Amino acid sequence: MATPTKAVSGTVPKVHVESSHAILDITGRPIALRDIDLATFFRPARVAVVGASDSNARPNTALTQKITIWAEERGATVHFVNPNRTEVAGRPCFPALTDVGDQLDLVAILVGDPLPILRDAVAAKAKFAVVFAAGFAEVGAAGEKMQAEMEEIISSGDLHVLGPNTNLNAFEVFRDDLPGRAIALITQSGHQGRPVFQGQEIGIRLSHWAPVGNEADLEAADFIKYFSDLDSTGTIACYIEGFKNGRTLQLAADHAAKNRVPIVAVKVGRTDEGTSMAKAHTGHLTGSDAVVSSVFRQYGVQRVDGLDQLLDVSAALARTKPPNDAAIRRLKRGAGGRVCVYSISGGTGAHMADMVAAAGLELPQLSKHSQTELHTWIPPYLRVSNPVDNGGAPVRDWRGPKIIETMLADPNVDLLLCPITGALPSMGNKLCEDLVAAAATTDKPVFVVWGSPVGDEEAYRQTLLQSSVPTFRTFTNAVMAARAYFDHHRFVSGYTSPFDHPARRPSAAKAKAAAIIAPKGKRRASGSALSEQDSKALLSTYGIAVPKERVVTSPGDAAKAAKRIGFPVVMKIVSADILHKSDLGLVAVGVRDEDDAKRIYKRMIATAKKAAPKAHIDGVLVAEMVRGIETVVGVAQDDLFGPVVMFGLGGVFVEVLKDVTFRVPPFTKSDATAMLDELAGSAMLRGVRGQPAADRSALVDTLMKIQHLAVDLSADVAELDINPLLAGPKGVVAADALVILAREHPELRVES
């Protein structure tokens, strides 16, 4: 029997839109991000500080100074507002925001009760405000009520608000003497972004910091869109506790992917403990982590775990150029990125080679020509095929640059990775100089690992950190960055936006679905399950193949139906009140003749009445026995994303191993194909131990049809489970299906 996919609330998440004319898909979700002039937020001409202070006893004094320095560095005029002061820091101070008399671009609100000030900001037609105060949705019901009031104030005008429960990290002054493309940072915790900000101290360029807090208005998606449009942005780095809305996340990540701007994200909420803390901190729902991870894959977001990884991977992506066309073509065919490991120790090379290979990257043999050349400078007893072990001595003289030049010129190499585990000045100093010099002459990335735990060595501080060469302190982060580099460029090189052709109108199948879900004269209870035959009928309206089958109500009819369909057959009890039929012995596979069919019919009816005496039994289903690889397809409603499509291997693989993956509509055929390959047991679909391979094309086609169903019926179907979906060598068949109607939408709506 099918195993229900876990479903949650089917409500459509609240989405901020700029007008009532926002373009929506048929699920009621936007298909375009709002257009906000965030350039004015980051470079305002007129700024007001409400709650300004110069008293040593007040924390607002430091905040006032910080905002003033930041604003005046941008050439802005700064106004102070405080009803208890006539001047602050020798400047005139207005009693109220409405007294300023200047068209304000940005209002920094430093008072504990920001709501009256927000009303004044709306009245003054200010463009942006920052609410520093906490005590809103992150603290529970009372705070949620206050935040809802704040949102009503914001929606009453054209004001956009950052916060509440934010900080003033948006007003940091960034170094402008660092070269290359920059990291733009988005965080929902100010302190968690500090290590990335401090990357400037080791030469990593940052351009912006958006601490979004509770996102009463401005959210991470708004800043992702803005940052990905800037020529200066090399990477968008994010620390996220919860997304305000799944659809805006999709749209923002889509926008970045179309611009080929990488997003690297730490997303908390992998565990129940992390989810609880994130809710307490920002007032967000973190969403199903498995779904979030799948959405990240769907839109090419590189997910990391640690803040050191966030900085290292972001910096590496910002500092590197794309692979050449030949490498891109190989990546798109599914090949791994080709890495050459270069070391002064065989042990170091072996260690790094293990980690590179484990990450799914390739260690190709260097060409015969390259190996011959390398052995003119490296002793013949050392390995030069890849990894390349120079033995140490050649790095001290003129041979070092020749060796590096030869590896980078090899057509089999896309990235050079040099781990330096020991900080020996006699070798490390010259080696680092040669690596930095070579990196300046090639488009191929050169990654260096400086393994010394000290970190004050000349080669590290003066040579590596003063260059734009991606430099790491651990093997793990270097390999992770290499993997992210190839994954990102593979993804964006073949990316097609699923929002190019969104579903604006229901398909023709929806009208037919109405007659099944809510037949004339019969109202189904919300939360109820359709019978197996009705569930399969619903699938058939969307072109999904089901077995030949018939519901019978007597032993004789069972025998006749089985003979007509053709032995062997499958028999199952038919009752919407009995979901787990196989657990109760109410499924029989391989029924071999008419006598067998009669006997099994009688046994099933008796067993069902005994096991579920209150269940309404419609009869017994007699169906053709279909063979194929067992897979499972499901639809559930997610709090953040709405309808979500699941695919996995059926049977024990879904019950025990939970080998499944997800996609959130809209998604493309390429996404559906990727779902097949993301499973740990994907080799099963290619055929193992004499089993024929599954019809991958038919599986992909079915996933696309399920997507149409999920979108069409998003308000009406809480759960759909097809388990098993049998994938044979020619086509797929839904052998069992279960549909549960949405609790909040008992009646089907069919739009014209």
# chains A, B, ... in the order shown; residues from 1 in each chain; ligands from 1
$ residues_around --residues "stretch 407-419 of chain A" --least-positions-apart "3" --cutoff "6 Å" --atoms "only C-alpha atoms" --output "number ranges by chain"
A: 338-343, 404, 444-449
$ residues_around --residues "A:Ile183" --least-positions-apart "2" --cutoff "12 Å" --atoms "only C-alpha atoms" --output "PyMOL selection string"
chain A and resi 174+178-181+185-186+193+196-200+203-210+224+227-228+230-238+261-264+310-319
$ residues_around --residues "A:Gly337" --least-positions-apart "2" --cutoff "7 Å" --atoms "only C-alpha atoms" --output "ChimeraX atom specification"
/A:331,335,339,361-362,414,486
$ write_last_selection --atoms "N, CA and C atoms" --output "PDB file, in the first residue's frame"
ATOM      1  N   LEU A 331      31.863  19.186 -18.142  1.00  0.00           N
ATOM      2  CA  LEU A 331      31.067  19.270 -16.914  1.00  0.00           C
ATOM      3  C   LEU A 331      29.590  19.034 -17.202  1.00  0.00           C
ATOM      4  N   ALA A 335      30.824  14.955 -16.194  1.00  0.00           N
ATOM      5  CA  ALA A 335      32.177  14.672 -15.720  1.00  0.00           C
ATOM      6  C   ALA A 335      32.493  15.538 -14.506  1.00  0.00           C
ATOM      7  N   VAL A 339      41.298  18.185 -11.498  1.00  0.00           N
ATOM      8  CA  VAL A 339      42.199  18.850 -10.555  1.00  0.00           C
ATOM      9  C   VAL A 339      43.576  18.207 -10.636  1.00  0.00           C
ATOM     10  N   LEU A 361      35.542  14.873  -7.609  1.00  0.00           N
ATOM     11  CA  LEU A 361      36.383  15.552  -8.595  1.00  0.00           C
ATOM     12  C   LEU A 361      37.334  14.546  -9.235  1.00  0.00           C
ATOM     13  N   GLU A 362      37.866  14.878 -10.387  1.00  0.00           N
ATOM     14  CA  GLU A 362      38.749  13.977 -11.118  1.00  0.00           C
ATOM     15  C   GLU A 362      40.212  14.350 -10.896  1.00  0.00           C
ATOM     16  N   ASP A 414      42.085  21.480 -15.174  1.00  0.00           N
ATOM     17  CA  ASP A 414      41.196  22.648 -15.080  1.00  0.00           C
ATOM     18  C   ASP A 414      41.494  23.495 -13.855  1.00  0.00           C
ATOM     19  N   PHE A 486      33.369  24.077  -9.633  1.00  0.00           N
ATOM     20  CA  PHE A 486      32.917  23.313 -10.791  1.00  0.00           C
ATOM     21  C   PHE A 486      31.399  23.153 -10.792  1.00  0.00           C
TER      22      PHE A 486
END
$ residues_around --residues "stretch 613-619 of chain A" --least-positions-apart "5" --cutoff "7 Å" --atoms "only C-alpha atoms" --output "count of residues only"
8
$ atom_distance --atom1 "atom CA of A:Leu657" --atom2 "atom CA of A:Asp639"
24.4 Å
$ residues_around --residues "A:Val291" --least-positions-apart "6" --cutoff "9 Å" --atoms "only C-alpha atoms" --output "list in words"
Asp638, Phe641, Val644, Thr661, Phe662, Arg663 and Val664 of chain A
$ write_last_selection --atoms "N, CA and C atoms" --output "PDB file, in the first residue's frame"
ATOM      1  N   ASP A 638       4.138  22.238   1.533  1.00  0.00           N
ATOM      2  CA  ASP A 638       5.162  22.737   2.447  1.00  0.00           C
ATOM      3  C   ASP A 638       4.801  24.152   2.888  1.00  0.00           C
ATOM      4  N   PHE A 641       7.028  26.593   0.652  1.00  0.00           N
ATOM      5  CA  PHE A 641       7.079  26.500  -0.803  1.00  0.00           C
ATOM      6  C   PHE A 641       5.766  26.109  -1.458  1.00  0.00           C
ATOM      7  N   VAL A 644       5.077  20.524  -3.267  1.00  0.00           N
ATOM      8  CA  VAL A 644       6.423  19.989  -3.444  1.00  0.00           C
ATOM      9  C   VAL A 644       6.294  18.589  -4.033  1.00  0.00           C
ATOM     10  N   THR A 661      14.284  12.593  -3.072  1.00  0.00           N
ATOM     11  CA  THR A 661      14.680  13.971  -3.346  1.00  0.00           C
ATOM     12  C   THR A 661      13.427  14.749  -3.727  1.00  0.00           C
ATOM     13  N   PHE A 662      13.558  16.073  -3.813  1.00  0.00           N
ATOM     14  CA  PHE A 662      12.394  16.932  -4.015  1.00  0.00           C
ATOM     15  C   PHE A 662      12.674  17.991  -5.085  1.00  0.00           C
ATOM     16  N   ARG A 663      11.600  18.488  -5.675  1.00  0.00           N
ATOM     17  CA  ARG A 663      11.647  19.690  -6.485  1.00  0.00           C
ATOM     18  C   ARG A 663      10.385  20.497  -6.193  1.00  0.00           C
ATOM     19  N   VAL A 664      10.547  21.810  -6.253  1.00  0.00           N
ATOM     20  CA  VAL A 664       9.425  22.713  -6.012  1.00  0.00           C
ATOM     21  C   VAL A 664       9.016  23.336  -7.340  1.00  0.00           C
TER      22      VAL A 664
END
$ residues_around --residues "A:Asp557" --least-positions-apart "4" --cutoff "10 Å" --atoms "only C-alpha atoms" --output "count of residues only"
13
$ residues_around --residues "stretch 145-154 of chain A" --least-positions-apart "3" --cutoff "8 Å" --atoms "only C-alpha atoms" --output "compact mmCIF listing (two decimals) with N, CA and C atoms, in the first residue's frame"
# COMPACT_ATOMS: atom_id res chain seq x y z
N LEU A 115 7.09 51.96 16.47
CA LEU A 115 5.87 52.05 15.67
C LEU A 115 5.42 53.50 15.43
N LEU A 118 7.61 54.95 12.81
CA LEU A 118 7.32 54.43 11.47
C LEU A 118 6.12 55.15 10.86
N ARG A 119 5.12 55.45 11.70
CA ARG A 119 3.96 56.19 11.18
C ARG A 119 4.41 57.57 10.69
N VAL A 122 6.19 57.18 7.36
CA VAL A 122 5.26 57.04 6.25
C VAL A 122 4.66 58.39 5.89
N PHE A 136 10.02 41.49 18.85
CA PHE A 136 8.90 41.33 17.93
C PHE A 136 8.62 39.84 17.71
N ALA A 137 8.50 39.38 16.47
CA ALA A 137 8.05 38.00 16.22
C ALA A 137 8.97 36.95 16.82
N ALA A 141 3.94 35.21 20.78
CA ALA A 141 2.65 35.72 20.31
C ALA A 141 2.52 37.23 20.46
N ALA A 142 2.93 37.78 21.61
CA ALA A 142 2.81 39.22 21.82
C ALA A 142 3.66 39.99 20.81
N GLY A 157 1.92 52.82 3.10
CA GLY A 157 2.62 53.82 2.31
C GLY A 157 3.68 53.19 1.43
N ASP A 158 4.65 53.99 1.01
CA ASP A 158 5.70 53.53 0.11
C ASP A 158 7.01 53.28 0.84
N LEU A 159 6.98 53.32 2.17
CA LEU A 159 8.18 53.11 2.97
C LEU A 159 8.61 51.64 2.92
N HIS A 160 9.93 51.40 2.83
CA HIS A 160 10.48 50.05 2.96
C HIS A 160 11.33 50.01 4.22
N VAL A 161 11.22 48.88 4.95
CA VAL A 161 11.82 48.80 6.28
C VAL A 161 12.75 47.60 6.37
N ALA A 216 10.28 42.08 8.45
CA ALA A 216 8.90 42.56 8.39
C ALA A 216 8.58 43.09 7.00
N ASP A 217 9.59 43.56 6.30
CA ASP A 217 9.39 44.06 4.93
C ASP A 217 10.54 43.59 4.04
$ select_by_dssp --residues "stretch 16-155 of chain A" --states "strand (DSSP E)" --output "mmCIF file with N, CA, C and O atoms, in the first residue's frame"
data_model
loop_
_atom_site.group_PDB
_atom_site.id
_atom_site.type_symbol
_atom_site.label_atom_id
_atom_site.label_comp_id
_atom_site.auth_asym_id
_atom_site.auth_seq_id
_atom_site.Cartn_x
_atom_site.Cartn_y
_atom_site.Cartn_z
ATOM 1 N N ARG A 46 19.943 61.849 2.003
ATOM 2 C CA ARG A 46 19.439 62.518 3.205
ATOM 3 C C ARG A 46 19.056 61.451 4.227
ATOM 4 O O ARG A 46 18.214 60.586 3.945
ATOM 5 N N VAL A 47 19.657 61.545 5.414
ATOM 6 C CA VAL A 47 19.491 60.528 6.458
ATOM 7 C C VAL A 47 19.018 61.197 7.745
ATOM 8 O O VAL A 47 19.514 62.272 8.109
ATOM 9 N N ALA A 48 18.077 60.544 8.435
ATOM 10 C CA ALA A 48 17.651 61.006 9.760
ATOM 11 C C ALA A 48 17.953 59.917 10.779
ATOM 12 O O ALA A 48 17.730 58.731 10.521
ATOM 13 N N VAL A 49 18.457 60.323 11.950
ATOM 14 C CA VAL A 49 18.734 59.400 13.050
ATOM 15 C C VAL A 49 17.762 59.738 14.175
ATOM 16 O O VAL A 49 17.880 60.802 14.802
ATOM 17 N N VAL A 50 16.794 58.860 14.435
ATOM 18 C CA VAL A 50 15.790 59.091 15.466
ATOM 19 C C VAL A 50 16.252 58.409 16.749
ATOM 20 O O VAL A 50 16.518 57.206 16.767
ATOM 21 N N THR A 77 23.488 64.206 3.762
ATOM 22 C CA THR A 77 23.145 65.140 4.829
ATOM 23 C C THR A 77 22.487 64.352 5.963
ATOM 24 O O THR A 77 21.589 63.547 5.718
ATOM 25 N N VAL A 78 22.931 64.595 7.210
ATOM 26 C CA VAL A 78 22.430 63.839 8.349
ATOM 27 C C VAL A 78 21.634 64.762 9.262
ATOM 28 O O VAL A 78 22.112 65.834 9.652
ATOM 29 N N HIS A 79 20.414 64.348 9.618
ATOM 30 C CA HIS A 79 19.558 65.084 10.542
ATOM 31 C C HIS A 79 19.375 64.250 11.806
ATOM 32 O O HIS A 79 19.138 63.038 11.738
ATOM 33 N N PHE A 80 19.438 64.907 12.971
ATOM 34 C CA PHE A 80 19.212 64.240 14.247
ATOM 35 C C PHE A 80 17.803 64.546 14.740
ATOM 36 O O PHE A 80 17.318 65.680 14.611
ATOM 37 N N VAL A 81 17.152 63.522 15.343
ATOM 38 C CA VAL A 81 15.803 63.682 15.879
ATOM 39 C C VAL A 81 15.778 63.112 17.294
ATOM 40 O O VAL A 81 16.147 61.947 17.514
ATOM 41 N N GLU A 87 20.030 69.866 20.631
ATOM 42 C CA GLU A 87 21.181 69.618 19.769
ATOM 43 C C GLU A 87 21.890 68.346 20.225
ATOM 44 O O GLU A 87 21.796 67.932 21.387
ATOM 45 N N VAL A 88 22.591 67.719 19.302
ATOM 46 C CA VAL A 88 23.383 66.514 19.556
ATOM 47 C C VAL A 88 24.717 66.674 18.836
ATOM 48 O O VAL A 88 24.746 66.992 17.639
ATOM 49 N N ARG A 91 25.131 69.707 16.801
ATOM 50 C CA ARG A 91 24.257 69.915 15.648
ATOM 51 C C ARG A 91 22.822 70.105 16.143
ATOM 52 O O ARG A 91 22.437 69.558 17.178
ATOM 53 N N PRO A 92 22.003 70.831 15.387
ATOM 54 C CA PRO A 92 20.599 70.996 15.799
ATOM 55 C C PRO A 92 19.864 69.668 15.771
ATOM 56 O O PRO A 92 20.152 68.791 14.950
ATOM 57 N N CYS A 93 18.927 69.523 16.687
ATOM 58 C CA CYS A 93 18.181 68.275 16.823
ATOM 59 C C CYS A 93 16.691 68.587 16.763
ATOM 60 O O CYS A 93 16.196 69.439 17.511
ATOM 61 N N PHE A 94 15.968 67.892 15.871
ATOM 62 C CA PHE A 94 14.539 68.124 15.687
ATOM 63 C C PHE A 94 13.744 67.337 16.724
ATOM 64 O O PHE A 94 14.112 66.214 17.089
ATOM 65 N N LEU A 106 16.570 57.783 4.098
ATOM 66 C CA LEU A 106 16.775 56.724 5.077
ATOM 67 C C LEU A 106 16.564 57.265 6.485
ATOM 68 O O LEU A 106 17.100 58.325 6.842
ATOM 69 N N VAL A 107 15.793 56.515 7.267
ATOM 70 C CA VAL A 107 15.556 56.866 8.664
ATOM 71 C C VAL A 107 16.067 55.717 9.532
ATOM 72 O O VAL A 107 15.600 54.582 9.417
ATOM 73 N N ALA A 108 17.043 56.004 10.391
ATOM 74 C CA ALA A 108 17.554 55.015 11.336
ATOM 75 C C ALA A 108 16.834 55.220 12.662
ATOM 76 O O ALA A 108 16.965 56.280 13.293
ATOM 77 N N ILE A 109 16.062 54.213 13.091
ATOM 78 C CA ILE A 109 15.226 54.332 14.286
ATOM 79 C C ILE A 109 15.903 53.583 15.428
ATOM 80 O O ILE A 109 15.978 52.350 15.430
ATOM 81 N N PHE A 128 13.190 54.716 3.074
ATOM 82 C CA PHE A 128 13.629 53.533 3.811
ATOM 83 C C PHE A 128 13.740 53.863 5.294
ATOM 84 O O PHE A 128 13.998 55.008 5.671
ATOM 85 N N ALA A 129 13.567 52.819 6.118
ATOM 86 C CA ALA A 129 13.808 52.941 7.555
ATOM 87 C C ALA A 129 14.483 51.670 8.039
ATOM 88 O O ALA A 129 14.275 50.585 7.488
ATOM 89 N N VAL A 130 15.286 51.804 9.088
ATOM 90 C CA VAL A 130 15.920 50.664 9.742
ATOM 91 C C VAL A 130 15.423 50.637 11.183
ATOM 92 O O VAL A 130 15.545 51.632 11.899
ATOM 93 N N VAL A 131 14.853 49.495 11.595
ATOM 94 C CA VAL A 131 14.348 49.348 12.954
ATOM 95 C C VAL A 131 15.315 48.473 13.734
ATOM 96 O O VAL A 131 15.417 47.266 13.487
#
$ closest_residue --among "A:Ala576, A:Ala710, A:Ala482, A:Ala694" --to "A:Pro665" --atoms "only C-alpha atoms"
A:Ala710
$ atom_distance --atom1 "atom CA of A:Leu307" --atom2 "atom CA of A:Ser189"
12.1 Å
$ select_by_dssp --residues "stretch 131-342 of chain A" --states "helix (DSSP H, G or I)" --output "VMD selection string"
chain A and resid 137 to 139 141 to 155 169 to 171 190 to 202 220 to 228 246 to 258 272 to 282 289 to 298 307 to 319 325 to 332
